[in-house]
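Asker: For reference, the file coords_35.txt (compact mmCIF, C-alpha atoms) is included below:
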# COMPACT_ATOMS: atom_id res chain seq x y z
CA ALA A 1 1.61 -14.51 14.92
CA ASP A 2 0.56 -15.23 18.51
CA ILE A 3 -3.15 -14.89 17.72
CA TYR A 4 -5.15 -15.58 14.56
CA LEU A 5 -8.74 -14.35 14.21
CA LEU A 6 -10.44 -16.19 11.36
CA GLN A 7 -13.85 -15.79 9.74
CA GLU A 8 -15.79 -17.71 7.09
CA VAL A 9 -14.13 -20.91 8.28
CA ASP A 10 -16.04 -24.15 7.80
CA SER A 11 -15.65 -27.64 9.23
CA PHE A 12 -14.13 -28.85 5.96
CA PHE A 13 -11.21 -26.45 6.30
CA LEU A 14 -10.86 -26.83 10.08
CA PRO A 15 -12.60 -30.08 11.14
CA GLU A 16 -13.88 -30.28 14.70
CA SER A 17 -11.69 -33.35 15.20
CA TRP A 18 -8.54 -31.57 13.98
CA GLN A 19 -5.56 -31.58 16.32
CA PRO A 20 -2.69 -29.07 15.93
CA THR A 21 -0.20 -31.94 15.63
CA HIS A 22 -1.60 -32.78 12.17
CA PRO A 23 -1.81 -30.81 8.92
CA LEU A 24 -5.15 -29.36 7.91
CA PRO A 25 -6.99 -31.08 5.03
CA CYS A 26 -5.69 -28.35 2.68
CA GLY A 27 -2.12 -29.22 3.67
CA SER A 28 -1.40 -26.14 5.80
CA VAL A 29 0.41 -26.81 9.05
CA LEU A 30 -0.54 -24.94 12.21
CA LEU A 31 1.74 -26.63 14.69
CA GLY A 32 1.67 -25.06 18.11
CA TYR A 33 -1.80 -23.48 17.93
CA THR A 34 -5.00 -24.39 19.75
CA PRO A 35 -8.29 -23.61 17.95
CA PHE A 36 -11.50 -22.32 19.50
CA ARG A 37 -14.44 -22.23 17.09
CA SER A 38 -18.06 -21.33 16.55
CA TYR A 39 -19.47 -23.08 13.49
CA SER A 40 -22.62 -22.13 11.63
CA SER A 41 -25.08 -24.60 10.17
CA ARG A 42 -24.93 -22.37 7.10
CA GLY A 43 -21.45 -23.52 6.27
CA GLU A 44 -19.12 -20.99 7.88
CA GLY A 45 -17.99 -19.88 11.28
CA THR A 46 -15.41 -17.98 13.31
CA VAL A 47 -12.20 -19.23 14.91
CA VAL A 48 -9.60 -18.01 17.41
CA LEU A 49 -6.17 -19.64 17.20
CA LEU A 50 -3.88 -19.12 20.19
CA LYS A 51 -0.18 -19.94 20.10
CA ASP A 52 0.50 -22.57 22.73
CA ASP A 53 3.84 -21.23 23.91
CA LYS A 54 2.39 -17.73 24.42
CA PHE A 55 -1.11 -18.31 25.80
CA GLU A 56 -3.10 -20.79 27.81
CA LYS A 57 -6.87 -20.85 28.06
CA ASP A 58 -8.34 -19.50 31.28
CA THR A 59 -10.07 -22.60 32.63
CA THR A 60 -12.28 -20.57 34.97
CA ILE A 61 -14.29 -19.12 32.06
CA ASP A 62 -15.97 -21.19 29.36
CA VAL A 63 -15.50 -20.42 25.69
CA VAL A 64 -18.55 -18.56 24.39
CA ALA A 65 -19.62 -19.58 20.89
CA LEU A 66 -22.31 -17.20 19.65
CA GLU A 67 -24.42 -19.10 17.17
CA ALA A 68 -25.78 -18.03 13.80
CA THR A 69 -29.31 -16.91 14.59
CA GLU A 70 -31.69 -14.62 12.80
CA GLU A 71 -31.09 -11.84 15.34
CA HIS A 72 -27.35 -12.21 14.69
CA GLY A 73 -27.88 -11.94 10.95
CA TRP A 74 -26.99 -15.64 10.63
CA LYS A 75 -23.38 -14.86 11.53
CA THR A 76 -21.20 -16.06 14.41
CA ALA A 77 -18.61 -14.99 16.96
CA VAL A 78 -16.37 -16.77 19.45
CA VAL A 79 -14.99 -15.38 22.73
CA VAL A 80 -12.00 -16.99 24.46
CA HIS A 81 -10.44 -15.93 27.76
CA ALA A 82 -6.74 -16.68 28.06
CA ARG A 83 -3.67 -15.80 30.08
CA GLN A 84 -0.24 -14.92 28.77
CA LYS A 85 2.30 -17.45 29.94
CA GLU A 86 4.83 -14.71 30.58
CA ALA A 87 2.26 -12.85 32.71
CA PRO A 88 -0.23 -15.44 34.01
CA TRP A 89 -1.84 -12.89 36.32
CA GLN A 90 -3.02 -10.96 33.26
CA GLN A 91 -6.26 -12.16 31.70
CA ILE A 92 -7.24 -11.30 28.14
CA ALA A 93 -10.46 -11.82 26.19
CA VAL A 94 -9.91 -12.66 22.51
CA VAL A 95 -12.86 -12.29 20.14
CA SER A 96 -13.35 -13.22 16.49
CA VAL A 97 -16.51 -11.81 14.90
CA HIS A 98 -18.17 -11.97 11.51
CA LEU A 99 -20.93 -9.41 11.03
CA LYS A 100 -23.46 -9.59 8.22
CA TRP A 101 -23.43 -7.35 5.17
CA GLY A 102 -26.06 -4.67 5.74
CA GLY A 103 -28.52 -4.87 8.61
CA ALA A 104 -27.22 -2.49 11.28
CA GLU A 105 -29.49 -3.97 13.95
CA GLU A 106 -28.14 -7.50 13.46
CA LYS A 107 -24.57 -6.20 13.44
CA GLN A 108 -25.15 -4.37 16.70
CA ARG A 109 -26.80 -7.38 18.37
CA LEU A 110 -23.98 -9.79 17.58
CA LEU A 111 -21.30 -7.27 18.55
CA HIS A 112 -23.16 -6.40 21.76
CA ASP A 113 -23.48 -10.09 22.71
CA ALA A 114 -19.79 -10.69 21.98
CA LEU A 115 -18.74 -7.71 24.11
CA SER A 116 -21.10 -8.80 26.90
CA ALA A 117 -19.33 -12.17 27.00
CA CYS A 118 -15.96 -10.50 27.69
CA LYS A 119 -15.12 -10.72 31.39
CA SER A 120 -11.63 -9.23 31.15
CA ARG A 121 -10.62 -5.58 31.15
CA ILE A 122 -8.16 -6.42 28.34
CA VAL A 123 -9.87 -7.26 25.07
CA VAL A 124 -8.66 -7.98 21.55
CA LEU A 125 -11.59 -8.03 19.12
CA GLY A 126 -11.33 -8.32 15.38
CA GLY A 127 -12.88 -9.76 12.30
CA ASP A 128 -14.92 -9.18 9.20
CA PHE A 129 -17.31 -6.36 10.05
CA ASN A 130 -18.64 -6.11 6.48
CA THR A 131 -18.60 -2.40 7.28
CA LYS A 132 -16.29 0.22 5.84
CA ALA A 133 -14.44 2.46 8.27
CA ARG A 134 -16.51 5.51 7.37
CA GLU A 135 -19.70 3.53 8.15
CA LEU A 136 -18.68 2.33 11.62
CA ARG A 137 -20.30 5.33 13.33
CA SER A 138 -23.48 5.47 11.25
CA THR A 139 -24.16 1.78 11.96
CA GLY A 140 -23.71 2.29 15.71
CA LEU A 141 -20.74 -0.09 15.92
CA GLU A 142 -18.16 2.56 16.82
CA GLN A 143 -20.27 3.73 19.76
CA LEU A 144 -20.65 0.17 21.08
CA LEU A 145 -16.93 -0.44 20.91
CA GLN A 146 -15.91 2.89 22.39
CA THR A 147 -18.38 2.48 25.25
CA SER A 148 -16.59 -0.78 26.03
CA GLY A 149 -13.26 1.06 26.06
CA LEU A 150 -12.00 -0.32 22.75
CA LEU A 151 -10.08 1.67 20.16
CA ARG A 152 -9.47 0.75 16.54
CA ILE A 153 -6.00 -0.10 15.29
CA PRO A 154 -5.73 1.22 11.71
CA THR A 155 -5.05 -1.29 8.97
CA PRO A 156 -1.58 -0.74 7.49
CA GLU A 157 -1.50 0.68 3.98
CA GLY A 158 -1.48 -1.88 1.21
CA GLU A 159 -2.92 -4.80 3.17
CA PRO A 160 -5.36 -7.14 1.38
CA THR A 161 -8.28 -6.44 3.72
CA ALA A 162 -8.77 -3.21 1.74
CA LEU A 163 -9.20 -4.58 -1.75
CA THR A 164 -11.84 -3.32 -4.14
CA GLY A 165 -13.90 -5.54 -6.41
CA GLN A 166 -11.09 -5.09 -8.97
CA LEU A 167 -8.57 -6.45 -6.42
CA ARG A 168 -6.89 -3.07 -6.04
CA TRP A 169 -5.96 -1.64 -2.66
CA ASP A 170 -8.15 1.21 -1.50
CA PRO A 171 -8.31 2.41 2.14
CA ARG A 172 -12.00 3.19 1.65
CA SER A 173 -12.66 -0.53 1.09
CA VAL A 174 -11.45 -1.79 4.49
CA ILE A 175 -14.11 -4.02 6.09
CA ASP A 176 -11.89 -6.05 8.45
CA HIS A 177 -11.17 -4.24 11.70
CA LEU A 178 -9.17 -4.80 14.88
CA TYR A 179 -9.99 -3.20 18.23
CA VAL A 180 -8.08 -3.41 21.50
CA SER A 181 -8.60 -2.07 25.01
CA SER A 182 -5.22 -2.30 26.72
CA PRO A 183 -3.01 0.82 26.42
CA PRO A 184 0.12 -1.25 25.64
CA LEU A 185 -1.74 -2.96 22.82
CA ARG A 186 -2.96 0.29 21.30
CA SER A 187 0.52 1.14 20.13
CA ARG A 188 0.91 -2.12 18.26
CA VAL A 189 0.43 -2.30 14.51
CA ALA A 190 -2.20 -4.66 13.16
CA THR A 191 -0.95 -7.18 10.62
CA VAL A 192 -3.00 -9.09 8.10
CA GLY A 193 -1.87 -12.22 6.30
CA PRO A 194 -1.52 -11.90 2.51
CA LEU A 195 -4.15 -13.20 0.13
CA PRO A 196 -3.79 -16.75 -1.21
CA ARG A 197 -1.36 -16.97 -4.05
CA GLU A 198 -1.76 -19.13 -7.11
CA HIS A 199 0.53 -21.88 -5.88
CA SER A 200 -0.19 -21.61 -2.15
CA ARG A 201 -1.85 -24.52 -0.37
CA GLY A 202 -3.45 -22.57 2.48
CA PRO A 203 -6.38 -20.18 2.38
CA TRP A 204 -4.69 -17.09 3.80
CA GLY A 205 -0.95 -17.40 3.23
CA PRO A 206 1.69 -17.06 5.95
CA GLY A 207 0.90 -15.07 9.08
CA ARG A 208 3.16 -12.32 10.37
Spell out the structure here as structure tokens.
Answerer:
Amino acid sequence: ADIYLLQEVDSFFLPESWQPTHPLPCGSVLLGYTPFRSYSSRGEGTVVLLKDDKFEKDTTIDVVALEATEEHGWKTAVVVHARQKEAPWQQIAVVSVHLKWGGAEEKQRLLHDALSACKSRIVVLGGDFNTKARELRSTGLEQLLQTSGLLRIPTPEGEPTALTGQLRWDPRSVIDHLYVSSPPLRSRVATVGPLPREHSRGPWGPGR
């Protein structure tokens, strides 16, 4: 994967001092990725990982780490502006968000602030919305995203982001969503890493 959007990541899993030349404490190796993070004092945060040979950070725009505040529902987001090395003239905003369960107002505020931090016309925004697809409109999230020119990429059938409480796949249970704004990106298929397996050492399994 060229981009990873992670949520519920804490400083024990991805320490602030971690460098991509070393394994993570859990043993997983993420060679060739640069992390950008927003950590919460409540023990979890959001992370964007960009593949070094594909992207470089746009040094003209600071990384925006939206903190866990009461108005954000004690959740976080991180916004990174980067440029593709194969097309350095093309800027892209990459956003990882984690919205709270319930609380439409807090969801809207964090999503609004994340979108407001995007200075590029090309945006990739994804994460744990804690909102099922059929609830995106009633919570006001769909309107916010569409107003910003973003369209949802459907989650492929059978992916683990749509598991029920009984760990069975159900499209009605999808709460992780990916939105993009660039027409070329809209035709791409979203991929989600598999759930941890019994003998795996990492928290999400191999990316694709």
Asker: Could you work out how far atom CA of Trp18 of chain A lies from atom CA of Arg37 of chain A, giving the answer in Å with one decimal?
Answerer: 11.5 Å
Asker: Place a sphere of radius 6 Å on (-8.7, -19.4, 20.2) in the file coordinates and name every protein, DNA or RNA residue with an atom inside or on its surface, counting only C-alpha atoms; give the answer as a list in words.
Answerer: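 Residues with an atom close enough to that point: Pro35, Phe36, Val48, Leu49, Leu50 and Val80 of chain A.
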Asker: Which value, in Å to one decimal, gives the distance between atom CA of Asn130 of chain A and atom CA of Val97 of chain A?
Answerer: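 Atom CA of Val97 of chain A lies 10.4 Å from atom CA of Asn130 of chain A.
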Asker: Using Å and a single decimal, report how far atom CA of Gly45 of chain A sits from atom CA of Thr139 of chain A.
Answerer: 22.5 Å
Asker: Looking at only C-alpha atoms, which of A:Ser138, A:Gln84, A:Ser116, A:Ser28 is the one that sits closest to Leu66 of chain A?
Answerer: A:Ser116
Asker: What lies within 9 Å of segment 143-148 of chain A using only C-alpha atoms, ignoring chain neighbours under 3 positions off, as a list of chain:residue names?
Answerer: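 Counting only C-alpha atoms, the residues come to A:Gln108, A:Leu111, A:His112, A:Leu115, A:Leu136, A:Arg137, A:Thr139, A:Gly140, A:Leu151, A:Arg152, A:Tyr179, A:Ser181.
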Asker: Which is closest to Val63 of chain A among A:Leu110, A:Lys119, A:Leu178, A:Pro154, if we use all atoms listed in the file?
Answerer: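 Closest residue, counting all atoms listed in the file: A:Lys119.
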Asker: When distances are computed from all atoms listed in the file, which of A:Ala68, A:Ala133, A:Arg172, A:Gly126 shows the smallest separation from Leu6 of chain A?
Answerer: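 Of A:Ala68, A:Ala133, A:Arg172, A:Gly126, the one nearest Leu6 of chain A, counting all atoms listed in the file, is A:Gly126.
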Asker: In terms of the shortest atom-to-atom distance over all atoms listed in the file, which of A:Lys85, A:Phe13, A:Ser38, A:Ile122 is closest to Ala65 of chain A?
Answerer: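 Closest to Ala65 of chain A, using all atoms listed in the file: A:Ser38.
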Asker: So, counting all atoms listed in the file, which residue among A:Leu141, A:Val94, A:Leu31, A:Ala104 is closest to Val180 of chain A?
Answerer: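 For Val180 of chain A, the nearest of the given residues is A:Val94.
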Asker: Find the spatial neighbours of Thr69 of chain A, counting all atoms listed in the file, within a cut-off of 12 Å - ignore same-chain residues fewer than 3 positions away - and output them as a list of chain:residue names.
Answerer: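 Counting all atoms listed in the file, the residues come to A:Tyr39, A:Ser40, A:Ser41, A:Arg42, A:Ala65, A:Leu66, A:His72, A:Gly73, A:Trp74, A:Lys75, A:Thr76, A:Ala77, A:Leu99, A:Lys100, A:Glu106, A:Lys107, A:Arg109, A:Leu110.
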Asker: Would you please work out which residue, of A:Val29, A:Pro15, A:Asp10, A:Ile3, is nearest to Asp52 of chain A when using all atoms listed in the file?
Answerer: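 Looking at the shortest contact to Asp52 of chain A, the residue is A:Ile3.
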